[in-house]
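Engineer: Sharing start_18.tsv (TSV, C-alpha atoms) below.
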chain	number	residue	atom	x	y	z
F	1	MET	CA	-60.55	122.77	11.27
F	2	HIS	CA	-57.86	120.12	10.81
F	3	MET	CA	-55.20	119.74	13.50
F	4	ARG	CA	-51.49	119.71	12.70
F	5	HIS	CA	-49.89	117.30	15.11
F	6	THR	CA	-46.95	117.88	17.41
F	7	SER	CA	-45.85	116.10	20.56
F	8	GLN	CA	-47.83	118.72	22.50
F	9	THR	CA	-51.10	118.09	20.64
F	10	LEU	CA	-50.66	114.33	21.02
F	11	ASP	CA	-49.96	114.75	24.74
F	12	ALA	CA	-53.34	116.47	25.06
F	13	LEU	CA	-55.04	113.58	23.20
F	14	ARG	CA	-53.70	111.16	25.82
F	15	ARG	CA	-56.14	112.75	28.30
F	16	GLU	CA	-59.22	112.23	26.14
F	17	GLY	CA	-61.32	109.11	25.60
F	18	ASP	CA	-64.55	108.76	23.62
F	19	PRO	CA	-67.20	110.79	25.50
F	20	MET	CA	-70.20	109.49	23.56
F	21	ALA	CA	-69.39	105.80	24.10
F	22	ASP	CA	-68.03	106.42	27.61
F	23	THR	CA	-71.39	107.88	28.66
F	24	VAL	CA	-73.20	104.74	27.44
F	25	ILE	CA	-70.87	102.43	29.37
F	26	ALA	CA	-71.21	104.52	32.55
F	27	ASP	CA	-74.99	104.08	32.28
F	28	LEU	CA	-74.69	100.32	31.72
F	29	VAL	CA	-72.36	99.91	34.68
F	30	SER	CA	-74.61	101.89	37.02
F	31	SER	CA	-77.73	100.02	35.88
F	32	GLY	CA	-76.11	96.56	35.77
F	33	LYS	CA	-77.57	95.85	32.33
F	34	THR	CA	-74.41	94.87	30.43
F	35	ASP	CA	-75.34	91.19	30.13
F	36	GLN	CA	-78.86	92.06	28.99
F	37	VAL	CA	-77.49	94.37	26.30
F	38	ASN	CA	-75.03	91.72	25.10
F	39	GLN	CA	-77.85	89.22	24.66
F	40	VAL	CA	-79.73	91.67	22.43
F	41	LEU	CA	-76.66	92.77	20.44
F	42	ARG	CA	-75.67	89.18	19.63
F	43	GLU	CA	-78.61	89.16	17.22
F	44	PHE	CA	-77.75	92.58	15.79
F	45	HIS	CA	-75.15	92.15	13.07
F	46	ASP	CA	-76.42	93.48	9.70
F	47	ASN	CA	-76.51	97.06	8.44
F	48	ASP	CA	-80.11	96.56	7.25
F	49	GLN	CA	-81.43	95.46	10.64
F	50	PRO	CA	-83.49	98.02	12.52
F	51	ILE	CA	-81.98	99.17	15.82
F	52	PRO	CA	-83.42	96.80	18.47
F	53	GLU	CA	-86.20	98.30	20.54
F	54	ASN	CA	-85.48	96.28	23.68
F	55	LEU	CA	-82.33	98.16	24.66
F	56	PRO	CA	-81.69	100.76	27.37
F	57	PRO	CA	-82.39	104.27	26.00
F	58	SER	CA	-78.72	105.29	26.15
F	59	VAL	CA	-77.59	102.28	24.10
F	60	ARG	CA	-80.33	102.67	21.53
F	61	ALA	CA	-79.62	106.39	21.17
F	62	PHE	CA	-75.93	105.61	20.64
F	63	LEU	CA	-76.69	103.04	17.94
F	64	LEU	CA	-79.08	105.42	16.18
F	65	ALA	CA	-76.54	108.24	16.26
F	66	THR	CA	-73.70	106.08	14.88
F	67	ASP	CA	-75.47	103.93	12.29
F	68	ALA	CA	-74.08	105.73	9.22
F	69	PRO	CA	-70.69	106.99	8.05
F	70	PRO	CA	-69.92	110.70	8.53
F	71	GLU	CA	-71.49	113.18	6.13
F	72	TRP	CA	-68.16	113.84	4.43
F	73	ALA	CA	-67.69	110.17	3.46
F	74	ASP	CA	-67.48	109.73	-0.32
F	75	THR	CA	-69.26	106.53	-1.40
F	76	SER	CA	-67.47	106.49	-4.76
F	77	ARG	CA	-64.06	106.38	-3.06
F	78	ILE	CA	-65.28	103.59	-0.81
F	79	ALA	CA	-66.41	101.69	-3.91
F	80	ASP	CA	-62.97	102.21	-5.46
F	81	ALA	CA	-61.41	100.71	-2.35
F	82	HIS	CA	-63.59	97.63	-2.83
F	83	ASP	CA	-61.93	97.10	-6.21
F	84	PHE	CA	-58.58	97.22	-4.40
F	85	PHE	CA	-59.83	94.65	-1.90
F	86	LEU	CA	-60.91	92.37	-4.74
F	87	ASP	CA	-57.36	92.45	-6.11
F	88	ASP	CA	-55.35	92.45	-2.89
F	89	GLY	CA	-57.67	91.51	-0.02
F	90	MET	CA	-55.69	88.41	0.86
F	91	HIS	CA	-52.46	90.39	1.02
F	92	VAL	CA	-54.15	93.00	3.22
F	93	ALA	CA	-55.38	90.29	5.58
F	94	SER	CA	-51.98	88.58	5.66
F	95	VAL	CA	-50.15	91.79	6.58
F	96	LEU	CA	-52.81	92.63	9.17
F	97	CYS	CA	-52.36	89.23	10.81
F	98	TYR	CA	-48.57	88.98	10.63
F	99	GLY	CA	-47.56	92.63	10.74
F	100	ALA	CA	-50.24	94.93	12.14
F	101	MET	CA	-50.89	92.80	15.22
F	102	VAL	CA	-47.19	92.80	16.06
F	103	SER	CA	-47.01	96.55	15.46
F	104	CYS	CA	-49.86	96.95	17.95
F	105	TYR	CA	-47.77	95.02	20.49
F	106	ALA	CA	-44.85	97.37	19.84
F	107	ALA	CA	-46.99	100.25	21.14
F	108	VAL	CA	-45.96	100.13	24.80
F	109	VAL	CA	-48.94	101.73	26.55
F	110	PRO	CA	-51.70	99.93	24.59
F	111	SER	CA	-49.87	96.65	25.30
F	112	ARG	CA	-50.28	97.40	29.01
F	113	VAL	CA	-54.04	97.65	28.44
F	114	LEU	CA	-54.07	94.27	26.70
F	115	ALA	CA	-52.10	92.69	29.51
F	116	LEU	CA	-54.49	94.08	32.13
F	117	THR	CA	-57.69	93.05	30.42
F	118	HIS	CA	-56.72	89.53	29.38
F	119	ARG	CA	-59.58	89.92	26.93
F	120	LEU	CA	-57.71	90.77	23.77
F	121	ASP	CA	-54.36	89.12	24.39
F	122	ARG	CA	-55.45	85.69	23.19
F	123	PRO	CA	-54.15	85.55	19.64
F	124	HIS	CA	-56.92	83.23	18.41
F	125	ARG	CA	-59.50	85.82	19.44
F	126	ARG	CA	-57.60	88.75	17.95
F	127	LEU	CA	-57.04	86.85	14.70
F	128	ALA	CA	-60.70	85.90	14.45
F	129	GLU	CA	-61.80	89.47	15.07
F	130	THR	CA	-59.23	90.87	12.64
F	131	CYS	CA	-60.20	88.48	9.84
F	132	GLN	CA	-63.93	89.09	10.43
F	133	PHE	CA	-63.36	92.85	10.49
F	134	VAL	CA	-61.48	92.70	7.18
F	135	MET	CA	-64.15	90.50	5.60
F	136	ASN	CA	-66.83	93.00	6.61
F	137	MET	CA	-64.74	95.92	5.32
F	138	MET	CA	-64.20	94.15	1.98
F	139	ALA	CA	-67.92	94.05	1.19
F	140	PRO	CA	-69.10	95.87	-1.96
F	141	ASP	CA	-70.88	98.49	0.18
F	142	PRO	CA	-69.56	97.94	3.72
F	143	PHE	CA	-71.42	100.91	5.21
F	144	GLY	CA	-74.62	100.45	3.21
F	145	SER	CA	-77.36	97.97	2.43
F	146	GLY	CA	-76.31	94.33	2.36
F	147	GLY	CA	-73.22	94.85	4.52
F	148	ASP	CA	-72.54	94.06	8.15
F	149	PHE	CA	-69.68	96.43	8.93
F	150	VAL	CA	-71.61	99.13	10.82
F	151	PRO	CA	-72.76	96.96	13.76
F	152	THR	CA	-69.23	95.52	13.98
F	153	ILE	CA	-67.81	99.04	14.32
F	154	GLN	CA	-70.48	100.09	16.82
F	155	LYS	CA	-69.86	97.08	19.06
F	156	THR	CA	-66.09	97.53	18.84
F	157	ARG	CA	-66.46	101.17	19.92
F	158	LEU	CA	-68.53	100.13	22.96
F	159	ILE	CA	-65.97	97.42	23.81
F	160	HIS	CA	-63.22	100.06	23.76
F	161	ALA	CA	-65.25	102.24	26.11
F	162	ALA	CA	-65.95	99.33	28.46
F	163	VAL	CA	-62.27	98.39	28.61
F	164	ARG	CA	-61.41	102.04	29.21
F	165	HIS	CA	-63.82	102.14	32.18
F	166	LEU	CA	-62.64	98.83	33.63
F	167	VAL	CA	-58.96	99.67	33.40
F	168	ARG	CA	-59.43	103.11	34.94
F	169	SER	CA	-61.44	101.56	37.78
F	170	SER	CA	-59.02	98.71	38.43
F	171	GLY	CA	-56.54	100.53	40.63
F	172	GLN	CA	-53.79	99.09	38.40
F	173	TRP	CA	-53.50	101.95	35.92
F	174	ASP	CA	-51.21	104.96	36.28
F	175	GLU	CA	-53.22	107.63	34.46
F	176	ALA	CA	-50.78	110.39	35.38
F	177	ARG	CA	-48.04	108.48	33.55
F	178	ASP	CA	-49.92	106.76	30.73
F	179	GLY	CA	-52.99	108.90	30.16
F	180	VAL	CA	-56.50	107.59	29.58
F	181	PRO	CA	-56.48	103.95	28.42
F	182	ILE	CA	-57.47	103.61	24.76
F	183	CYS	CA	-57.24	107.39	24.47
F	184	GLN	CA	-57.66	109.44	21.31
F	185	GLU	CA	-53.96	109.13	20.48
F	186	ASP	CA	-54.15	105.34	20.88
F	187	LEU	CA	-57.22	105.14	18.64
F	188	LEU	CA	-55.49	107.31	16.04
F	189	GLY	CA	-52.33	105.21	16.31
F	190	ALA	CA	-54.28	101.98	15.78
F	191	MET	CA	-55.95	103.43	12.69
F	192	LEU	CA	-52.51	104.32	11.32
F	193	ILE	CA	-51.18	100.82	12.05
F	194	PHE	CA	-54.05	99.22	10.12
F	195	SER	CA	-53.59	101.60	7.19
F	196	VAL	CA	-50.06	103.00	6.84
F	197	HIS	CA	-48.26	99.99	8.35
F	198	VAL	CA	-50.27	97.55	6.24
F	199	LEU	CA	-49.44	99.40	3.03
F	200	ASP	CA	-45.76	99.44	4.00
F	201	GLY	CA	-45.89	95.72	4.81
F	202	MET	CA	-47.44	94.94	1.44
F	203	ALA	CA	-44.60	96.79	-0.24
F	204	ARG	CA	-42.09	94.69	1.72
F	205	LEU	CA	-43.87	91.57	0.48
F	206	GLY	CA	-43.47	92.75	-3.09
F	207	VAL	CA	-47.16	93.50	-3.63
F	208	THR	CA	-47.70	96.33	-6.11
F	209	VAL	CA	-50.12	98.98	-4.86
F	210	THR	CA	-50.74	102.06	-6.99
F	211	ALA	CA	-50.76	105.52	-5.42
F	212	GLN	CA	-54.53	105.81	-5.95
F	213	GLU	CA	-55.20	102.38	-4.46
F	214	ALA	CA	-53.17	103.32	-1.40
F	215	GLU	CA	-55.09	106.57	-0.99
F	216	ASP	CA	-58.43	104.77	-1.35
F	217	TYR	CA	-57.41	102.13	1.21
F	218	TYR	CA	-56.38	104.83	3.67
F	219	TYR	CA	-59.64	106.67	3.00
F	220	VAL	CA	-61.74	103.68	4.05
F	221	TRP	CA	-59.77	103.51	7.29
F	222	ARG	CA	-60.28	107.25	7.77
F	223	VAL	CA	-64.05	106.74	7.51
F	224	THR	CA	-63.83	103.70	9.79
F	225	GLY	CA	-61.75	105.64	12.31
F	226	ALA	CA	-64.41	108.37	12.50
F	227	MET	CA	-67.07	105.72	13.19
F	228	LEU	CA	-64.84	104.18	15.86
F	229	GLY	CA	-64.81	107.47	17.75
F	230	VAL	CA	-61.61	109.11	16.51
F	231	ARG	CA	-62.15	112.87	16.39
F	232	ALA	CA	-62.52	114.01	12.79
F	233	ASP	CA	-60.23	117.01	13.28
F	234	ILE	CA	-57.27	114.91	14.42
F	235	MET	CA	-57.30	112.43	11.53
F	236	PRO	CA	-54.86	113.11	8.67
F	237	ARG	CA	-56.72	113.95	5.47
F	238	SER	CA	-54.27	112.27	3.08
F	239	LEU	CA	-51.92	109.32	3.13
F	240	ALA	CA	-48.90	111.66	3.04
F	241	GLU	CA	-50.14	113.44	6.18
F	242	ALA	CA	-50.91	110.06	7.76
F	243	ARG	CA	-47.31	108.96	7.22
F	244	GLU	CA	-46.04	112.08	8.96
F	245	VAL	CA	-48.29	111.58	11.99
F	246	ASN	CA	-47.47	107.88	12.07
F	247	ALA	CA	-43.74	108.63	12.27
F	248	LEU	CA	-44.39	110.89	15.26
F	249	VAL	CA	-46.56	108.30	17.04
F	250	VAL	CA	-43.98	105.55	16.43
F	251	GLU	CA	-41.21	107.76	17.80
F	252	ARG	CA	-43.28	108.50	20.89
F	253	HIS	CA	-44.60	105.06	21.75
F	254	PHE	CA	-42.98	102.13	19.94
F	255	GLY	CA	-40.41	100.00	21.74
F	256	ALA	CA	-39.89	96.90	23.84
F	257	SER	CA	-42.04	96.10	26.86
F	258	PRO	CA	-42.56	92.88	28.83
F	259	GLU	CA	-46.22	92.93	27.81
F	260	GLY	CA	-45.47	93.44	24.11
F	261	ILE	CA	-42.87	90.67	24.09
F	262	GLU	CA	-45.25	88.26	25.80
F	263	LEU	CA	-48.07	89.11	23.40
F	264	THR	CA	-45.77	88.59	20.41
F	265	ARG	CA	-44.53	85.28	21.78
F	266	GLY	CA	-48.11	84.12	22.26
F	267	LEU	CA	-49.00	85.09	18.70
F	268	LEU	CA	-46.02	83.23	17.23
F	269	ASP	CA	-46.75	80.19	19.41
F	270	PHE	CA	-50.30	80.17	18.11
F	271	TYR	CA	-49.16	80.36	14.49
F	272	ARG	CA	-46.77	77.49	15.14
F	273	GLU	CA	-49.60	75.39	16.59
F	274	MET	CA	-51.71	76.08	13.49
F	275	THR	CA	-49.08	74.74	11.07
F	276	PRO	CA	-48.59	71.00	10.56
F	277	GLY	CA	-45.51	69.27	11.97
F	278	ARG	CA	-42.25	70.99	12.89
F	279	ALA	CA	-40.98	71.77	9.40
F	280	PHE	CA	-42.89	75.07	9.23
F	281	ASP	CA	-42.06	76.29	12.75
F	282	GLY	CA	-40.07	79.30	11.56
F	283	VAL	CA	-42.33	80.52	8.78
F	284	ALA	CA	-44.50	82.80	10.94
F	285	ALA	CA	-41.50	84.53	12.50
F	286	ALA	CA	-39.95	84.98	9.06
F	287	LEU	CA	-43.18	86.51	7.73
F	288	VAL	CA	-43.39	88.89	10.67
F	289	ARG	CA	-39.81	89.98	10.08
F	290	ARG	CA	-40.62	90.51	6.41
F	291	VAL	CA	-43.56	92.86	6.96
F	292	VAL	CA	-42.53	94.92	10.02
F	293	GLU	CA	-39.59	97.24	10.56
F	294	PRO	CA	-36.47	95.22	11.52
F	295	TRP	CA	-35.94	97.21	14.72
F	296	VAL	CA	-39.55	96.49	15.79
F	297	ALA	CA	-39.02	92.74	15.26
F	298	ASP	CA	-35.79	92.96	17.29
F	299	ALA	CA	-37.47	94.91	20.10
F	300	LEU	CA	-40.20	92.28	20.39
F	301	ARG	CA	-37.67	89.43	20.16
F	302	VAL	CA	-39.10	87.86	17.02
F	303	PRO	CA	-36.82	84.88	16.27
F	304	ARG	CA	-34.78	84.72	13.10
F	305	ALA	CA	-35.44	81.84	10.71
F	306	ARG	CA	-32.87	81.98	7.92
F	307	PHE	CA	-34.27	79.13	5.84
F	308	TRP	CA	-37.79	80.58	5.80
F	309	THR	CA	-36.44	84.05	5.20
F	310	ARG	CA	-34.86	82.74	1.99
F	311	MET	CA	-38.05	80.86	1.07
F	312	ILE	CA	-40.15	84.00	1.52
F	313	ALA	CA	-37.75	85.90	-0.74
F	314	VAL	CA	-38.34	83.22	-3.39
F	315	GLY	CA	-42.07	83.53	-2.74
F	316	ASN	CA	-41.88	87.26	-3.33
F	317	ARG	CA	-40.43	86.66	-6.77
F	318	LEU	CA	-43.22	84.14	-7.46
F	319	LEU	CA	-45.79	86.66	-6.23
F	320	ARG	CA	-44.54	89.29	-8.65
F	321	GLY	CA	-44.84	86.74	-11.46
F	322	LEU	CA	-48.42	85.94	-10.43
F	323	GLU	CA	-49.22	89.65	-10.33
F	324	ARG	CA	-47.97	90.04	-13.90
F	325	ALA	CA	-50.14	87.08	-14.94
F	326	GLU	CA	-53.10	88.60	-13.14
F	327	ASP	CA	-52.62	91.96	-14.85
F	328	SER	CA	-52.40	90.39	-18.30
F	329	SER	CA	-55.13	87.75	-18.02
F	330	ALA	CA	-58.75	88.20	-16.94
F	331	THR	CA	-58.98	84.46	-16.28
F	332	ALA	CA	-55.91	84.48	-14.05
F	333	ARG	CA	-57.26	87.51	-12.19
F	334	THR	CA	-60.60	85.79	-11.54
F	335	VAL	CA	-58.94	82.60	-10.31
F	336	LEU	CA	-56.40	84.33	-8.06
F	337	ASP	CA	-58.91	86.78	-6.56
F	338	GLY	CA	-61.35	83.97	-5.87
F	339	ALA	CA	-58.65	81.83	-4.28
F	340	ALA	CA	-57.56	84.71	-2.04
F	341	ARG	CA	-61.10	85.34	-0.84
F	342	LEU	CA	-61.67	81.65	-0.15
F	343	LEU	CA	-58.45	81.48	1.87
F	344	LEU	CA	-59.50	84.49	3.94
F	345	MET	CA	-62.97	83.09	4.55
F	346	GLY	CA	-61.39	79.74	5.43
F	347	GLY	CA	-59.20	81.45	7.98
F	348	VAL	CA	-62.25	82.97	9.67
F	349	ARG	CA	-64.05	79.62	9.70
F	350	THR	CA	-61.02	77.83	11.14
F	351	LEU	CA	-60.67	80.32	13.98
F	352	THR	CA	-64.37	80.48	14.83
F	353	GLY	CA	-65.62	76.98	14.07
F	354	GLY	CA	-67.77	78.40	11.28
F	355	ARG	CA	-69.71	80.73	13.57
F	356	ARG	CA	-69.91	84.51	13.77
F	357	VAL	CA	-67.29	86.17	15.94
F	358	GLY	CA	-68.83	87.28	19.22
F	359	LEU	CA	-68.31	90.95	20.16
F	360	ASP	CA	-69.55	91.23	23.73
F	361	ILE	CA	-69.15	94.29	25.94
F	362	PRO	CA	-66.91	93.11	28.82
F	363	SER	CA	-68.15	93.46	32.38
F	364	ARG	CA	-64.85	92.54	34.10
F	365	LEU	CA	-61.17	92.83	33.29
F	366	ARG	CA	-60.23	89.17	33.09
F	367	ASP	CA	-62.76	87.23	31.15
F	368	SER	CA	-63.23	84.20	28.95
F	369	TRP	CA	-64.28	84.59	25.37
F	370	GLY	CA	-66.30	82.72	22.82
F	371	VAL	CA	-68.22	82.88	19.57
F	372	ASP	CA	-71.79	84.20	19.75
F	373	GLY	CA	-71.70	84.04	23.52
F	374	GLU	CA	-70.22	80.57	23.95
F	375	HIS	CA	-67.35	80.97	26.40
F	376	VAL	CA	-64.19	78.91	26.56
F	377	PRO	CA	-61.29	78.98	29.05
F	378	ARG	CA	-58.44	81.32	28.32
F	379	PRO	CA	-55.00	79.74	27.79
F	380	GLY	CA	-52.35	80.60	30.34
F	381	GLY	CA	-49.63	83.17	29.82
F	382	CYS	CA	-45.97	83.28	30.79
F	383	PRO	CA	-44.47	86.31	32.55
F	384	LEU	CA	-41.25	87.77	31.24
F	385	ALA	CA	-38.52	89.77	32.84
F	386	GLU	CA	-38.48	93.36	31.67
F	387	PRO	CA	-36.03	93.80	28.78
F	388	PRO	CA	-34.16	96.99	27.96
F	389	ARG	CA	-36.34	99.43	26.05
F	390	ALA	CA	-35.52	99.67	22.36
F	391	ALA	CA	-35.51	103.10	20.80
F	392	PRO	CA	-36.61	103.74	17.23
F	393	PRO	CA	-33.84	104.49	14.79
F	394	SER	CA	-32.95	108.13	14.40
Here is a file; write its structure as structure tokens.

Structural biologist:
Amino acid sequence: MHMRHTSQTLDALRREGDPMADTVIADLVSSGKTDQVNQVLREFHDNDQPIPENLPPSVRAFLLATDAPPEWADTSRIADAHDFFLDDGMHVASVLCYGAMVSCYAAVVPSRVLALTHRLDRPHRRLAETCQFVMNMMAPDPFGSGGDFVPTIQKTRLIHAAVRHLVRSSGQWDEARDGVPICQEDLLGAMLIFSVHVLDGMARLGVTVTAQEAEDYYYVWRVTGAMLGVRADIMPRSLAEAREVNALVVERHFGASPEGIELTRGLLDFYREMTPGRAFDGVAAALVRRVVEPWVADALRVPRARFWTRMIAVGNRLLRGLERAEDSSATARTVLDGAARLLLMGGVRTLTGGRRVGLDIPSRLRDSWGVDGEHVPRPGGCPLAEPPRAAPPS
């Protein structure tokens, strides 16, 4: 039976984590085998690979139970979404990087989790993981043979459970006030950010997405959400329902927080460091303001860059012209789609040094991170005074 959401139903979801994955992490913590499991899982990254034998029984049972999409998943709709990715994958990735990450930081309680863990608040790590995740999702058959999306989802789900355990055990989390960290409502909210918010951001960029393409894109995220541990009965079944639930979640949880502002500042600083010279310093902030709600950008203190705002408006007109060329010319479509995919792959290579993104289960709150197990020091952060909370528009 499908749940119709109200503030009361969402309040109840704040008290619920992911029992299946949480049980696995509890076993790893008690046995002290987290590092051993990470060593094995670093070599487990393709859908076609057999589940490793040399894992603790609880981990292996979890991987066996979660190695396929839910029974209700429609492979033809997933294939249709791949066609959408071929046309607009670069735009999806751009809005994920510039818009969805900032929207995540606007969610006040999840931002507290990020600030506590110091695992996911480094923008270079989050960008690498986001780009890799999108690349895996864009495969012709992401959940089937030849893809590598399923192990990525499985590891991400275990990471969520590990962070949930660590935060709850830290003595720094007010569960009576904030609920279970990375609770069912937070998981649902993240799925809506990566689907509904991305589609809205693409529209703000001037990218044309048909109603069917939007439904197919949401559908892939619905399947992905189920594999990430979101209860099937709480996920909206259509994009229209998803928009309704998203509006409720935004009203409940979006606003300014010292953690969200710091995370956003770190992301913009990182983008500025990635661009050559000083001439492009405002372009990232202008892009963020283009793809997120204006009040969200204000709440997170995203700077205004008038020159780049005008340039992006010009770029939008150019984009619409390229779209018309793409629609009318098979050659133009092939060239533009290929260029977009190369840019996305180049972004992953730049962030990771050409290596696979490491997805290790954390064993402590504050940790370093690396690629395939190679760890590097974390850059320092800068504390901020608490700003006034911004309320969503009525």

Engineer: Which is closest to F:Leu300 among F:Gly146, F:Val249, F:Cys183, F:Val108, if we use only C-alpha atoms?

Structural biologist: F:Val108

Engineer: In Å to one decimal, how far is atom CA of F:Tyr217 from atom CA of F:Ala139?

Structural biologist: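 It comes out at 13.3 Å.
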
Engineer: Pick the closest to F:Tyr105 from F:Val230, F:Ile182, F:Ala190, F:Val209: which is it, counting only C-alpha atoms?

Structural biologist: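 Of the candidates, the smallest distance to F:Tyr105 is held by F:Ala190.
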
Engineer: Calculate how many Å separate atom CA of F:Leu10 from atom CA of F:Ala299, rounding to one decimal.

Structural biologist: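 A separation of 23.5 Å between them.
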
Engineer: Grab all the atoms of stretch 139-144 of chain F that the file lists, wrap them in a box along x, y and z, add 5 Å per side, and give me centre plus edge lengths in Å (one decimal) as JSON.

Structural biologist:
{"center_x": -71.3, "center_y": 97.5, "center_z": 1.6, "size_x": 16.7, "size_y": 16.9, "size_z": 17.2}

Engineer: Which residues are close to F:Val196, i.e. within 9 Å by only C-alpha atoms, leaving aside same-chain residues fewer than 3 positions away? Reply as a PyMOL selection string.

Structural biologist: chain F and resi 191-193+199-201+214+218+239+242-243+246

Engineer: Just want the 8 Å neighbourhood of F:Val291, counted on all atoms listed in the file, with same-chain residues fewer than 2 positions away dropped. Output as a PyMOL selection string.

Structural biologist: chain F and resi 95+98-99+200-202+204-205+287-289+293

Engineer: If we count all atoms listed in the file, what is near stretch 161-163 of chain F at a cut-off of 10 Å, once residues fewer than 3 positions away on the same chain are taken out, given as a count of residues only?

Structural biologist: 35

Engineer: Using all atoms listed in the file, determine which residues lie at most 8 Å from F:His82, disregarding the query and same-chain residues fewer than 2 positions distant; provide the list as a PyMOL selection string.

Structural biologist: chain F and resi 78-80+84-86+138-141

Engineer: Which residues are close to F:Asn136, i.e. within 10 Å by all atoms listed in the file, leaving aside same-chain residues fewer than 6 positions away? Reply as a ChimeraX atom specification.

Structural biologist: /F:130,142-143,147-150,152-153

Engineer: Select, from F:Gly189, F:Gly225, F:Phe270, F:Ser111, the residue with the minimum atom-to-atom distance to F:Ala247, counting only C-alpha atoms.

Structural biologist: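 Ranking F:Gly189, F:Gly225, F:Phe270, F:Ser111 by distance to F:Ala247, first place goes to F:Gly189.
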
Engineer: As a PDB file, in the coordinates of the input, please: stretch 11-22 of chain F completed to N, CA, C and O atoms.

Structural biologist:
ATOM      1  N   ASP F  11     -49.887 114.851  23.281  1.00  0.00           N
ATOM      2  CA  ASP F  11     -49.960 114.750  24.740  1.00  0.00           C
ATOM      3  C   ASP F  11     -51.364 115.075  25.231  1.00  0.00           C
ATOM      4  O   ASP F  11     -51.894 114.405  26.134  1.00  0.00           O
ATOM      5  N   ALA F  12     -51.984 116.096  24.656  1.00  0.00           N
ATOM      6  CA  ALA F  12     -53.340 116.470  25.060  1.00  0.00           C
ATOM      7  C   ALA F  12     -54.335 115.354  24.721  1.00  0.00           C
ATOM      8  O   ALA F  12     -55.280 115.090  25.491  1.00  0.00           O
ATOM      9  N   LEU F  13     -54.135 114.666  23.594  1.00  0.00           N
ATOM     10  CA  LEU F  13     -55.040 113.580  23.200  1.00  0.00           C
ATOM     11  C   LEU F  13     -54.932 112.380  24.125  1.00  0.00           C
ATOM     12  O   LEU F  13     -55.837 111.543  24.166  1.00  0.00           O
ATOM     13  N   ARG F  14     -53.842 112.269  24.872  1.00  0.00           N
ATOM     14  CA  ARG F  14     -53.700 111.160  25.820  1.00  0.00           C
ATOM     15  C   ARG F  14     -54.648 111.323  27.006  1.00  0.00           C
ATOM     16  O   ARG F  14     -54.854 110.372  27.772  1.00  0.00           O
ATOM     17  N   ARG F  15     -55.235 112.491  27.172  1.00  0.00           N
ATOM     18  CA  ARG F  15     -56.140 112.750  28.300  1.00  0.00           C
ATOM     19  C   ARG F  15     -57.606 112.654  27.890  1.00  0.00           C
ATOM     20  O   ARG F  15     -58.488 112.948  28.679  1.00  0.00           O
ATOM     21  N   GLU F  16     -57.846 112.220  26.668  1.00  0.00           N
ATOM     22  CA  GLU F  16     -59.220 112.230  26.140  1.00  0.00           C
ATOM     23  C   GLU F  16     -59.615 110.840  25.640  1.00  0.00           C
ATOM     24  O   GLU F  16     -58.882 110.208  24.882  1.00  0.00           O
ATOM     25  N   GLY F  17     -60.795 110.385  26.070  1.00  0.00           N
ATOM     26  CA  GLY F  17     -61.320 109.110  25.600  1.00  0.00           C
ATOM     27  C   GLY F  17     -62.329 109.320  24.477  1.00  0.00           C
ATOM     28  O   GLY F  17     -62.077 110.052  23.518  1.00  0.00           O
ATOM     29  N   ASP F  18     -63.481 108.684  24.612  1.00  0.00           N
ATOM     30  CA  ASP F  18     -64.550 108.760  23.620  1.00  0.00           C
ATOM     31  C   ASP F  18     -65.830 109.108  24.376  1.00  0.00           C
ATOM     32  O   ASP F  18     -66.564 108.218  24.804  1.00  0.00           O
ATOM     33  N   PRO F  19     -66.104 110.402  24.602  1.00  0.00           N
ATOM     34  CA  PRO F  19     -67.200 110.790  25.500  1.00  0.00           C
ATOM     35  C   PRO F  19     -68.543 110.157  25.173  1.00  0.00           C
ATOM     36  O   PRO F  19     -69.288 109.765  26.091  1.00  0.00           O
ATOM     37  N   MET F  20     -68.899 110.037  23.901  1.00  0.00           N
ATOM     38  CA  MET F  20     -70.200 109.490  23.560  1.00  0.00           C
ATOM     39  C   MET F  20     -70.326 108.034  24.023  1.00  0.00           C
ATOM     40  O   MET F  20     -71.304 107.656  24.686  1.00  0.00           O
ATOM     41  N   ALA F  21     -69.340 107.205  23.692  1.00  0.00           N
ATOM     42  CA  ALA F  21     -69.390 105.800  24.100  1.00  0.00           C
ATOM     43  C   ALA F  21     -69.156 105.649  25.600  1.00  0.00           C
ATOM     44  O   ALA F  21     -69.759 104.771  26.244  1.00  0.00           O
ATOM     45  N   ASP F  22     -68.303 106.504  26.173  1.00  0.00           N
ATOM     46  CA  ASP F  22     -68.030 106.420  27.610  1.00  0.00           C
ATOM     47  C   ASP F  22     -69.288 106.679  28.427  1.00  0.00           C
ATOM     48  O   ASP F  22     -69.511 106.054  29.479  1.00  0.00           O
TER      49      ASP F  22
END
